[in-house]
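> Got a file for you: upload-v5.pdb, PDB, C-alpha atoms.
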```
ATOM      1  CA  MET I  10      96.635 109.781 104.365
ATOM      2  CA  ARG I  11      93.337 109.015 102.696
ATOM      3  CA  ASP I  12      90.952 106.601 104.306
ATOM      4  CA  ILE I  13      91.500 103.291 102.565
ATOM      5  CA  ASN I  14      87.796 102.543 102.427
ATOM      6  CA  SER I  15      86.585 105.992 101.745
ATOM      7  CA  ASN I  16      83.472 106.555  99.780
ATOM      8  CA  SER I  17      80.912 109.254 100.165
ATOM      9  CA  LYS I  18      78.567 107.138 102.282
ATOM     10  CA  GLN I  19      81.175 105.885 104.743
ATOM     11  CA  LEU I  20      82.296 107.664 107.842
ATOM     12  CA  PRO I  21      86.066 108.130 108.164
ATOM     13  CA  ASP I  22      87.755 105.646 110.484
ATOM     14  CA  GLU I  23      88.625 108.392 112.944
ATOM     15  CA  LYS I  24      84.947 109.323 113.284
ATOM     16  CA  LEU I  25      84.113 105.690 114.015
ATOM     17  CA  VAL I  26      86.811 105.648 116.686
ATOM     18  CA  GLU I  27      85.234 108.715 118.289
ATOM     19  CA  ARG I  28      81.798 107.124 118.209
ATOM     20  CA  PHE I  29      83.118 103.911 119.694
ATOM     21  CA  LEU I  30      84.746 105.828 122.534
ATOM     22  CA  GLU I  31      81.418 107.527 123.152
ATOM     23  CA  GLY I  32      79.848 104.100 123.639
ATOM     24  CA  ASP I  33      78.493 103.357 120.166
ATOM     25  CA  LYS I  34      79.113  99.604 119.775
ATOM     26  CA  SER I  35      78.029  99.592 116.131
ATOM     27  CA  ALA I  36      81.215 101.541 115.362
ATOM     28  CA  LEU I  37      83.154  98.443 116.493
ATOM     29  CA  ASP I  38      81.264  96.328 113.962
ATOM     30  CA  GLU I  39      82.124  98.741 111.192
ATOM     31  CA  LEU I  40      85.822  98.967 112.081
ATOM     32  CA  LEU I  41      86.063  95.184 112.243
ATOM     33  CA  GLN I  42      84.218  94.935 108.949
ATOM     34  CA  ARG I  43      86.804  97.228 107.358
ATOM     35  CA  TYR I  44      89.984  95.794 108.824
ATOM     36  CA  HIS I  45      89.502  92.274 110.167
ATOM     37  CA  SER I  46      90.170  90.525 106.835
ATOM     38  CA  ARG I  47      92.946  92.959 105.889
ATOM     39  CA  VAL I  48      94.880  92.363 109.092
ATOM     40  CA  TYR I  49      94.336  88.614 108.771
ATOM     41  CA  ARG I  50      95.706  88.609 105.203
ATOM     42  CA  LEU I  51      98.731  90.613 106.292
ATOM     43  CA  ALA I  52      99.479  88.313 109.225
ATOM     44  CA  TYR I  53      98.846  85.166 107.200
ATOM     45  CA  GLY I  54     100.882  86.475 104.269
ATOM     46  CA  ILE I  55     103.913  86.896 106.498
ATOM     47  CA  LEU I  56     103.457  83.972 108.882
ATOM     48  CA  ARG I  57     102.021  81.520 106.303
ATOM     49  CA  ASN I  58     100.157  79.711 109.043
ATOM     50  CA  PRO I  59      96.401  80.111 109.724
ATOM     51  CA  GLN I  60      96.581  79.412 113.443
ATOM     52  CA  ASP I  61      99.347  81.948 114.020
ATOM     53  CA  ALA I  62      97.498  84.498 111.883
ATOM     54  CA  GLU I  63      94.329  83.995 113.921
ATOM     55  CA  GLU I  64      96.268  84.502 117.158
ATOM     56  CA  VAL I  65      97.862  87.640 115.763
ATOM     57  CA  ILE I  66      94.597  89.282 114.741
ATOM     58  CA  GLN I  67      93.105  88.624 118.162
ATOM     59  CA  GLU I  68      96.152  90.170 119.802
ATOM     60  CA  VAL I  69      96.254  93.150 117.420
ATOM     61  CA  PHE I  70      92.642  94.183 117.796
ATOM     62  CA  LEU I  71      92.584  93.611 121.550
ATOM     63  CA  ARG I  72      95.660  95.811 121.874
ATOM     64  CA  VAL I  73      94.297  98.491 119.578
ATOM     65  CA  PHE I  74      90.904  98.727 121.241
ATOM     66  CA  GLN I  75      92.482  98.645 124.678
ATOM     67  CA  LYS I  76      94.577 101.662 123.759
ATOM     68  CA  LEU I  77      92.026 103.434 121.603
ATOM     69  CA  ASP I  78      91.617 106.321 124.023
ATOM     70  CA  SER I  79      95.336 107.055 123.637
ATOM     71  CA  PHE I  80      95.043 107.208 119.830
ATOM     72  CA  LYS I  81      96.013 110.797 119.137
ATOM     73  CA  GLY I  82      95.141 110.954 115.472
ATOM     74  CA  GLU I  83      98.677 112.044 114.581
ATOM     75  CA  SER I  84      98.608 109.462 111.831
ATOM     76  CA  SER I  85      95.508 107.870 110.376
ATOM     77  CA  PHE I  86      93.790 105.062 112.260
ATOM     78  CA  SER I  87      94.630 102.633 109.462
ATOM     79  CA  SER I  88      98.359 103.456 109.615
ATOM     80  CA  TRP I  89      98.341 102.999 113.367
ATOM     81  CA  LEU I  90      96.477  99.696 113.113
ATOM     82  CA  TYR I  91      98.786  98.382 110.402
ATOM     83  CA  ARG I  92     101.843  99.325 112.456
ATOM     84  CA  VAL I  93     100.515  97.425 115.461
ATOM     85  CA  ALA I  94      99.673  94.505 113.171
ATOM     86  CA  ILE I  95     103.143  94.411 111.621
ATOM     87  CA  ASN I  96     104.894  94.665 114.989
ATOM     88  CA  THR I  97     102.719  91.931 116.472
ATOM     89  CA  THR I  98     103.305  89.697 113.442
ATOM     90  CA  TYR I  99     107.072  90.215 113.613
ATOM     91  CA  MET I 100     107.033  89.406 117.335
ATOM     92  CA  LYS I 101     105.230  86.175 116.501
ATOM     93  CA  LEU I 102     107.884  85.424 113.915
ATOM     94  CA  ARG I 103     110.643  85.948 116.435
ATOM     95  CA  ASP I 104     109.012  83.252 118.557
ATOM     96  CA  ARG I 105     109.556  80.858 115.689
ATOM     97  CA  LYS I 106     112.868  79.787 114.273
ATOM     98  CA  GLY I 107     114.375  79.610 110.797
ATOM     99  CA  VAL I 108     111.649  81.530 109.030
ATOM    100  CA  SER I 109     113.516  83.822 106.690
ATOM    101  CA  THR I 110     116.280  82.345 104.593
ATOM    102  CA  PHE I 111     117.044  85.195 102.215
ATOM    103  CA  SER I 112     118.838  88.399 103.055
ATOM    104  CA  PHE I 113     118.140  91.881 101.788
ATOM    105  CA  ASP I 114     121.419  91.885  99.832
ATOM    106  CA  GLN I 115     120.661  88.651  98.048
ATOM    107  CA  VAL I 116     117.404  90.060  96.751
ATOM    108  CA  GLY I 117     119.226  93.211  95.693
ATOM    109  CA  LYS I 118     121.518  91.290  93.374
ATOM    110  CA  LEU I 119     118.591  89.965  91.420
ATOM    111  CA  LEU I 120     118.130  93.137  89.450
ATOM    112  CA  ASP I 121     121.342  92.431  87.560
ATOM    113  CA  GLU I 122     120.957  88.679  87.384
ATOM    114  CA  GLU I 123     117.505  89.122  85.908
ATOM    115  CA  MET I 124     118.986  90.436  82.668
ATOM    116  CA  ILE I 125     121.210  87.399  82.275
ATOM    117  CA  LYS I 126     118.723  84.703  83.186
ATOM    118  CA  SER I 127     115.685  85.820  81.222
ATOM    119  CA  GLY I 128     115.464  84.285  77.826
ATOM    120  CA  SER I 129     114.330  86.280  74.824
ATOM    121  CA  GLY I 130     112.576  83.539  72.899
ATOM    122  CA  GLU I 131     109.420  83.809  70.893
ATOM    123  CA  TRP I 132     106.723  85.448  72.958
ATOM    124  CA  VAL I 133     103.170  84.163  72.628
ATOM    125  CA  ALA I 134     100.448  85.478  74.886
ATOM    126  CA  ARG I 135      98.125  82.921  76.421
ATOM    127  CA  PRO I 136      94.802  83.429  78.204
ATOM    128  CA  ASP I 137      94.978  84.475  81.847
ATOM    129  CA  ASP I 138      93.207  81.438  83.235
ATOM    130  CA  GLU I 139      96.069  79.287  82.043
ATOM    131  CA  LEU I 140      98.432  81.190  84.315
ATOM    132  CA  LEU I 141      96.423  80.671  87.432
ATOM    133  CA  THR I 142      97.198  77.021  87.775
ATOM    134  CA  GLU I 143      97.903  74.973  90.832
ATOM    135  CA  GLU I 144     101.502  74.578  89.697
ATOM    136  CA  ALA I 145     102.148  78.313  89.468
ATOM    137  CA  LEU I 146     100.581  78.901  92.861
ATOM    138  CA  ARG I 147     102.724  76.158  94.362
ATOM    139  CA  ILE I 148     105.893  77.675  92.913
ATOM    140  CA  ILE I 149     105.055  81.193  94.045
ATOM    141  CA  SER I 150     104.131  79.988  97.541
ATOM    142  CA  GLU I 151     107.537  78.373  97.903
ATOM    143  CA  ALA I 152     109.179  81.549  96.605
ATOM    144  CA  ILE I 153     107.227  83.731  99.029
ATOM    145  CA  ASP I 154     108.582  81.619 101.886
ATOM    146  CA  GLN I 155     112.104  82.598 100.819
ATOM    147  CA  LEU I 156     111.473  86.336 100.743
ATOM    148  CA  PRO I 157     112.661  88.455 103.678
ATOM    149  CA  ASP I 158     109.730  89.441 105.857
ATOM    150  CA  ASP I 159     110.004  93.167 105.233
ATOM    151  CA  PHE I 160     109.793  92.509 101.492
ATOM    152  CA  LYS I 161     106.710  90.347 102.000
ATOM    153  CA  THR I 162     105.140  93.133 104.038
ATOM    154  CA  VAL I 163     105.651  95.703 101.271
ATOM    155  CA  LEU I 164     104.285  93.322  98.640
ATOM    156  CA  ILE I 165     101.171  92.523 100.650
ATOM    157  CA  LEU I 166     100.393  96.130 101.497
ATOM    158  CA  ARG I 167     100.921  97.326  97.908
ATOM    159  CA  ASP I 168      99.880  94.443  95.689
ATOM    160  CA  VAL I 169      97.254  92.676  97.782
ATOM    161  CA  GLU I 170      95.741  95.476  99.868
ATOM    162  CA  GLY I 171      96.242  98.124  97.205
ATOM    163  CA  LEU I 172      97.721 100.804  99.457
ATOM    164  CA  SER I 173      99.645 103.604  97.782
ATOM    165  CA  THR I 174     103.417 103.927  97.962
ATOM    166  CA  ASP I 175     103.055 106.913 100.308
ATOM    167  CA  GLU I 176     100.719 105.023 102.620
ATOM    168  CA  VAL I 177     103.099 102.071 102.843
ATOM    169  CA  ALA I 178     106.010 104.457 103.424
ATOM    170  CA  GLU I 179     104.176 106.080 106.329
ATOM    171  CA  ILE I 180     103.237 102.751 107.900
ATOM    172  CA  LEU I 181     106.752 101.325 107.640
ATOM    173  CA  GLY I 182     108.658 104.522 108.352
ATOM    174  CA  LEU I 183     110.477 104.285 105.012
ATOM    175  CA  THR I 184     110.945 106.759 102.202
ATOM    176  CA  PRO I 185     108.672 106.271  99.191
ATOM    177  CA  ALA I 186     111.817 105.505  97.159
ATOM    178  CA  ALA I 187     112.735 102.683  99.547
ATOM    179  CA  VAL I 188     109.212 101.249  99.300
ATOM    180  CA  LYS I 189     109.373 101.308  95.504
ATOM    181  CA  SER I 190     112.770  99.680  95.499
ATOM    182  CA  ARG I 191     111.718  96.838  97.809
ATOM    183  CA  LEU I 192     108.526  96.298  95.882
ATOM    184  CA  HIS I 193     110.319  96.052  92.548
ATOM    185  CA  ARG I 194     113.044  93.773  93.856
ATOM    186  CA  ALA I 195     110.538  91.500  95.588
ATOM    187  CA  ARG I 196     108.467  91.186  92.417
ATOM    188  CA  LEU I 197     111.597  90.414  90.390
ATOM    189  CA  PHE I 198     112.630  87.800  92.919
ATOM    190  CA  LEU I 199     109.272  86.029  92.606
ATOM    191  CA  ARG I 200     109.307  86.400  88.833
ATOM    192  CA  ASP I 201     112.730  84.832  88.697
ATOM    193  CA  LYS I 202     111.494  81.816  90.668
ATOM    194  CA  LEU I 203     108.682  81.406  88.149
ATOM    195  CA  GLU I 204     111.031  81.567  85.161
ATOM    196  CA  ASP I 205     110.639  77.902  84.188
ATOM    197  CA  PHE I 206     106.888  78.215  84.438
ATOM    198  CA  TYR I 207     106.882  81.285  82.198
ATOM    199  CA  LYS I 208     109.181  79.596  79.746
ATOM    200  CA  GLN I 209     106.606  76.868  79.311
ATOM    201  CA  LEU I 210     103.796  79.386  79.165
ATOM    202  CA  PHE I 211     105.359  81.690  76.610
ATOM    203  CA  GLU I 212     107.331  79.235  74.525
ATOM    204  CA  GLY I 213     105.191  76.163  74.885
ATOM    205  CA  GLY I 214     107.865  74.226  76.778
TER
ATOM    206  CA  MET P   1     114.163 110.460  71.570
ATOM    207  CA  ARG P   2     116.985 108.704  73.423
ATOM    208  CA  LYS P   3     117.285 104.957  72.849
ATOM    209  CA  LEU P   4     117.073 102.866  75.993
ATOM    210  CA  THR P   5     118.701  99.594  76.908
ATOM    211  CA  CYS P   6     116.740  96.604  78.225
ATOM    212  CA  LYS P   7     118.396  97.126  81.594
ATOM    213  CA  GLU P   8     117.051 100.662  81.808
ATOM    214  CA  VAL P   9     113.566  99.369  80.988
ATOM    215  CA  LEU P  10     113.892  96.828  83.782
ATOM    216  CA  GLN P  11     115.007  99.482  86.255
ATOM    217  CA  HIS P  12     112.008 101.699  85.514
ATOM    218  CA  LEU P  13     109.460  98.961  84.926
ATOM    219  CA  ALA P  14     107.385  99.346  88.105
ATOM    220  CA  GLU P  15     107.089 103.095  87.683
ATOM    221  CA  TYR P  16     106.354 102.667  83.989
ATOM    222  CA  LEU P  17     103.442 100.335  84.751
ATOM    223  CA  GLU P  18     102.166 102.720  87.439
ATOM    224  CA  GLN P  19     102.443 105.575  84.929
ATOM    225  CA  GLU P  20     104.619 107.525  87.331
ATOM    226  CA  LEU P  21     107.406 108.457  84.916
ATOM    227  CA  ALA P  22     107.947 111.715  83.111
ATOM    228  CA  PRO P  23     106.136 111.616  79.734
ATOM    229  CA  GLU P  24     109.348 111.512  77.709
ATOM    230  CA  LEU P  25     110.798 108.553  79.580
ATOM    231  CA  HIS P  26     107.456 106.764  79.534
ATOM    232  CA  GLN P  27     107.268 107.199  75.784
ATOM    233  CA  ALA P  28     110.855 106.019  75.310
ATOM    234  CA  ILE P  29     110.149 102.854  77.323
ATOM    235  CA  GLN P  30     106.932 102.207  75.460
ATOM    236  CA  SER P  31     108.705 102.517  72.101
ATOM    237  CA  HIS P  32     111.462 100.184  73.263
ATOM    238  CA  ILE P  33     108.992  97.556  74.486
ATOM    239  CA  GLU P  34     107.043  97.658  71.235
ATOM    240  CA  LYS P  35     110.166  96.645  69.347
ATOM    241  CA  CYS P  36     111.803  94.313  71.867
ATOM    242  CA  PRO P  37     110.525  90.735  72.358
ATOM    243  CA  PHE P  38     112.749  90.345  75.437
ATOM    244  CA  CYS P  39     111.097  93.293  77.183
ATOM    245  CA  GLN P  40     107.616  92.298  76.007
ATOM    246  CA  ARG P  41     108.113  89.031  77.789
ATOM    247  CA  LEU P  42     109.565  90.785  80.805
ATOM    248  CA  VAL P  43     106.513  93.049  81.094
ATOM    249  CA  GLU P  44     104.089  90.185  80.642
ATOM    250  CA  SER P  45     105.776  87.937  83.205
ATOM    251  CA  TYR P  46     106.156  90.833  85.661
ATOM    252  CA  LYS P  47     102.444  91.622  85.474
ATOM    253  CA  ARG P  48     101.539  87.951  85.762
ATOM    254  CA  THR P  49     103.745  87.601  88.836
ATOM    255  CA  ILE P  50     101.841  90.420  90.542
ATOM    256  CA  ALA P  51      98.540  88.757  89.616
ATOM    257  CA  LEU P  52      99.771  85.414  90.965
ATOM    258  CA  PHE P  53     100.961  86.968  94.208
ATOM    259  CA  LYS P  54      97.523  88.535  94.680
ATOM    260  CA  LYS P  55      95.857  85.217  93.965
ATOM    261  CA  ALA P  56      98.152  83.355  96.378
ATOM    262  CA  ASN P  57      97.334  85.848  99.133
ATOM    263  CA  HIS P  58      93.633  86.174  98.530
ATOM    264  CA  ILE P  59      92.754  84.608 101.839
ATOM    265  CA  GLU P  60      89.802  85.157 104.117
ATOM    266  CA  PRO P  61      89.846  84.544 107.872
ATOM    267  CA  PRO P  62      88.241  81.343 109.204
ATOM    268  CA  LYS P  63      84.494  81.345 109.708
ATOM    269  CA  GLY P  64      83.425  82.867 113.008
ATOM    270  CA  SER P  65      86.763  84.614 113.527
ATOM    271  CA  LYS P  66      85.322  88.129 113.466
ATOM    272  CA  GLU P  67      82.498  87.245 115.867
ATOM    273  CA  ARG P  68      84.917  85.615 118.323
ATOM    274  CA  LEU P  69      87.109  88.673 118.154
ATOM    275  CA  LYS P  70      84.223  91.085 118.719
ATOM    276  CA  LYS P  71      83.149  89.121 121.783
ATOM    277  CA  ARG P  72      86.677  89.174 123.199
ATOM    278  CA  ILE P  73      86.987  92.915 122.686
ATOM    279  CA  ILE P  74      83.658  93.626 124.362
ATOM    280  CA  ASP P  75      84.491  91.280 127.271
ATOM    281  CA  GLN P  76      87.890  92.877 127.710
ATOM    282  CA  LEU P  77      86.534  96.399 127.684
ATOM    283  CA  ALA P  78      83.813  95.416 130.162
ATOM    284  CA  LYS P  79      86.529  94.100 132.501
ATOM    285  CA  GLN P  80      88.513  97.342 132.130
ATOM    286  CA  THR P  81      85.393  99.376 133.002
ATOM    287  CA  ASP P  82      84.683  97.176 136.057
ATOM    288  CA  VAL P  83      88.190  97.845 137.394
TER
END
```
Would you kindly transcribe this structure into C-alpha cells?


Amino acid sequence: MRDINSNSKQLPDEKLVERFLEGDKSALDELLQRYHSRVYRLAYGILRNPQDAEEVIQEVFLRVFQKLDSFKGESSFSSWLYRVAINTTYMKLRDRKGVSTFSFDQVGKLLDEEMIKSGSGEWVARPDDELLTEEALRIISEAIDQLPDDFKTVLILRDVEGLSTDEVAEILGLTPAAVKSRLHRARLFLRDKLEDFYKQLFEGG
Amino acid sequence: MRKLTCKEVLQHLAEYLEQELAPELHQAIQSHIEKCPFCQRLVESYKRTIALFKKANHIEPPKGSKERLKKRIIDQLAKQTDV
C-alpha cells in the first residue's frame, strides 16, 4: 500500500516508526502530524460526538505506541493504525446504546428504490455555494446518523480521507468489490435523504 | 454501441465517475447521460452528495488535543521504561 502522505521530501511512515523506536522523539511529532486529525475525523464521523472522539484518539495512539515494537510491517503502518482506530471506535459504540438504526439490507434496497423516487424534471445547474447551506448540512447530518457504522467507515475513508478502494479493502478486510458496493449504496442512501433539497435546488421548488 | 437503461447507468455510476470502466462502457454511459435529463440530475446530485458529506465531516480536533496526546504517550513510554 502506498504511503498516504507520500511525497519526495517525506520519510515513509515505517521509517519514522524505526526512528522513533531508536529514540528519535521528533518522529513522534511527525507521525502525530500525519495521523492525529485523520483518526479524529474517523472517530468523530462514526461516533458523532467530540468528547467520545477525543477519548478514542487518546486510546488509539496510546495503544499503537505501546505496541509499536511489535509492529511487524506486514501491512503498512497506516493500515495498522486505521484498524486499531476502527476497532477502538466500534468498541466505544458498543458501550453506547441505540446508535445504528438502519440495517445493511435496508440500504441495499435503495438501489432499486432510487429509480422510482427520483424525479426527472427540468434540470438547472446552480452555483456550488448554494448547495453548501446550513439546511443541506443539517439534512445530511441526520442521514449520516441513520447509516450503519460500517457504511459510514467506508464513506469516511474513501470520500473524506481520500484513500483508494484497495487501501480501504485492506484496512477493513473486505474485497475491493465489497468496498465499492458499500460506498455506492451509502452515497445513494444519503442522496435519497437529500431528495427534497435537490428538488428545490434543481427545479426551483 | 449498445443502448443503456437509466438503471444500468445508476449501477455503474461510481465507477464511471472514477473512470474505472472499460472505454466502451464509459462511452456508452457518457452518451446516455448527455441525452437523458434524469441521469444528468442523478449525476449532479450524486456528486453534490459526496461534496456535502466531505463538508459535513471536515472536522479538526479540539485545540491542544495533539499536545495533550503527545505528553500522554511520552509519559506512558517513560513509565514502561522505568518498569

> Could you write out as number ranges by chain the residues of chain I within 7 Å of chain P, counting all atoms listed in the file?

I: 45-46, 49-50, 54, 67, 71, 124, 129, 132, 141, 146, 150, 168-169, 193, 196, 199-200, 207

> Within 7 Å of (115.8, 103.2, 74.5) in the file's own coordinates, which protein, DNA or RNA residues have an atom, counting all atoms listed in the file? List them as number ranges by chain.

P: 2-5, 28-29, 32

> Which is closest to I:Arg57 among I:Asp154, I:Met100, I:Asp33, I:Ser79, if we use only C-alpha atoms?

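Ranking I:Asp154, I:Met100, I:Asp33, I:Ser79 by distance to I:Arg57, first place goes to I:Asp154.
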
> May I have the residues at most 10 Å from (85.9, 108.5, 116.8) in the file's coordinates, counting only C-alpha atoms, as a list of chain:residue names?

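Every polymer residue passing the test: I:Leu20, I:Pro21, I:Asp22, I:Glu23, I:Lys24, I:Leu25, I:Val26, I:Glu27, I:Arg28, I:Phe29, I:Leu30, I:Glu31, I:Asp33, I:Ala36, I:Leu77, I:Asp78, I:Phe80, I:Gly82, I:Phe86.
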
> Would you translate the PyMOL selection byres ((chain I and resi 92) around 12) into the concrete set of residues it matches in this file, as a PDB file with C-alpha atoms, in the frame of the given file?


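Final output, expr-v1.pdb:
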```
ATOM      1  CA  VAL I  48      94.880  92.363 109.092  1.00  0.00           C
ATOM      2  CA  LEU I  51      98.731  90.613 106.292  1.00  0.00           C
ATOM      3  CA  ALA I  52      99.479  88.313 109.225  1.00  0.00           C
ATOM      4  CA  VAL I  69      96.254  93.150 117.420  1.00  0.00           C
ATOM      5  CA  PHE I  70      92.642  94.183 117.796  1.00  0.00           C
ATOM      6  CA  ARG I  72      95.660  95.811 121.874  1.00  0.00           C
ATOM      7  CA  VAL I  73      94.297  98.491 119.578  1.00  0.00           C
ATOM      8  CA  SER I  84      98.608 109.462 111.831  1.00  0.00           C
ATOM      9  CA  SER I  85      95.508 107.870 110.376  1.00  0.00           C
ATOM     10  CA  PHE I  86      93.790 105.062 112.260  1.00  0.00           C
ATOM     11  CA  SER I  87      94.630 102.633 109.462  1.00  0.00           C
ATOM     12  CA  SER I  88      98.359 103.456 109.615  1.00  0.00           C
ATOM     13  CA  TRP I  89      98.341 102.999 113.367  1.00  0.00           C
ATOM     14  CA  LEU I  90      96.477  99.696 113.113  1.00  0.00           C
ATOM     15  CA  TYR I  91      98.786  98.382 110.402  1.00  0.00           C
ATOM     16  CA  VAL I  93     100.515  97.425 115.461  1.00  0.00           C
ATOM     17  CA  ALA I  94      99.673  94.505 113.171  1.00  0.00           C
ATOM     18  CA  ILE I  95     103.143  94.411 111.621  1.00  0.00           C
ATOM     19  CA  ASN I  96     104.894  94.665 114.989  1.00  0.00           C
ATOM     20  CA  THR I  97     102.719  91.931 116.472  1.00  0.00           C
ATOM     21  CA  THR I  98     103.305  89.697 113.442  1.00  0.00           C
ATOM     22  CA  TYR I  99     107.072  90.215 113.613  1.00  0.00           C
ATOM     23  CA  THR I 162     105.140  93.133 104.038  1.00  0.00           C
ATOM     24  CA  LEU I 166     100.393  96.130 101.497  1.00  0.00           C
ATOM     25  CA  GLU I 176     100.719 105.023 102.620  1.00  0.00           C
ATOM     26  CA  VAL I 177     103.099 102.071 102.843  1.00  0.00           C
ATOM     27  CA  ALA I 178     106.010 104.457 103.424  1.00  0.00           C
ATOM     28  CA  GLU I 179     104.176 106.080 106.329  1.00  0.00           C
ATOM     29  CA  ILE I 180     103.237 102.751 107.900  1.00  0.00           C
ATOM     30  CA  LEU I 181     106.752 101.325 107.640  1.00  0.00           C
ATOM     31  CA  GLY I 182     108.658 104.522 108.352  1.00  0.00           C
TER      32      GLY I 182
END
```

> Quick check, in Å to one decimal: how far apart do atom CA of I:Leu192 and atom CA of I:Leu164 lie?

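For atom CA of I:Leu192 relative to atom CA of I:Leu164, the distance reads 5.9 Å.
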
> Find the axis-aligned box for stretch 14-30 of chain P, covering all its listed atoms and adding 6 Å on each side, and write its centre and edge lengths in Å to one decimal as lines of an AutoDock Vina configuration file.


```
center_x = 106.5
center_y = 105.5
center_z = 81.7
size_x = 20.7
size_y = 24.4
size_z = 24.8
```

> Quick one: residues within 7 Å of I:Pro185, all atoms listed in the file counted, chain neighbours fewer than 4 positions away excluded, as a PyMOL selection string?

chain I and resi 174-175+178+189

> What separation in Å, quoted to one decimal, exists between atom CA of P:Leu17 and atom CA of I:Phe160?

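Taking atom CA of P:Leu17 and atom CA of I:Phe160, their separation equals 19.5 Å.
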
> Check the smallest atom-to-atom distance from each of P:Lys63, P:Tyr16, P:Lys79, P:Lys71 to P:Gln30 using only C-alpha atoms, then report the winner.

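Nearest candidate to P:Gln30 out of P:Lys63, P:Tyr16, P:Lys79, P:Lys71: P:Tyr16.
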
> Could you please determine the separation between atom CA of I:Arg194 and atom CA of I:Leu56 in Å, to one decimal place?

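Computing the Euclidean distance for atom CA of I:Arg194 and atom CA of I:Leu56 yields 20.3 Å.
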
> What would stretch 31-56 of chain I look like if you wrote it out as a PDB file, in the first residue's frame, with C-alpha atoms included, from the block I just posted?


```
ATOM      1  CA  GLU I  31      15.595   4.147  18.144  1.00  0.00           C
ATOM      2  CA  GLY I  32      14.749   7.044  20.455  1.00  0.00           C
ATOM      3  CA  ASP I  33      14.121   9.862  17.983  1.00  0.00           C
ATOM      4  CA  LYS I  34      11.224  11.786  19.575  1.00  0.00           C
ATOM      5  CA  SER I  35      10.802  14.059  16.557  1.00  0.00           C
ATOM      6  CA  ALA I  36       9.485  11.016  14.674  1.00  0.00           C
ATOM      7  CA  LEU I  37       6.551  11.005  17.128  1.00  0.00           C
ATOM      8  CA  ASP I  38       5.761  14.609  16.210  1.00  0.00           C
ATOM      9  CA  GLU I  39       5.739  13.747  12.537  1.00  0.00           C
ATOM     10  CA  LEU I  40       3.531  10.666  12.930  1.00  0.00           C
ATOM     11  CA  LEU I  41       1.066  12.642  15.031  1.00  0.00           C
ATOM     12  CA  GLN I  42       1.153  15.440  12.485  1.00  0.00           C
ATOM     13  CA  ARG I  43       0.210  12.955   9.763  1.00  0.00           C
ATOM     14  CA  TYR I  44      -2.469  10.968  11.549  1.00  0.00           C
ATOM     15  CA  HIS I  45      -3.869  12.804  14.564  1.00  0.00           C
ATOM     16  CA  SER I  46      -6.518  14.741  12.604  1.00  0.00           C
ATOM     17  CA  ARG I  47      -7.298  11.775  10.344  1.00  0.00           C
ATOM     18  CA  VAL I  48      -8.002   9.446  13.249  1.00  0.00           C
ATOM     19  CA  TYR I  49     -10.043  12.151  14.975  1.00  0.00           C
ATOM     20  CA  ARG I  50     -12.188  12.676  11.856  1.00  0.00           C
ATOM     21  CA  LEU I  51     -12.749   8.944  11.532  1.00  0.00           C
ATOM     22  CA  ALA I  52     -13.751   8.551  15.179  1.00  0.00           C
ATOM     23  CA  TYR I  53     -15.911  11.671  15.147  1.00  0.00           C
ATOM     24  CA  GLY I  54     -17.509  10.700  11.838  1.00  0.00           C
ATOM     25  CA  ILE I  55     -18.683   7.416  13.311  1.00  0.00           C
ATOM     26  CA  LEU I  56     -19.392   8.455  16.897  1.00  0.00           C
TER      27      LEU I  56
END
```
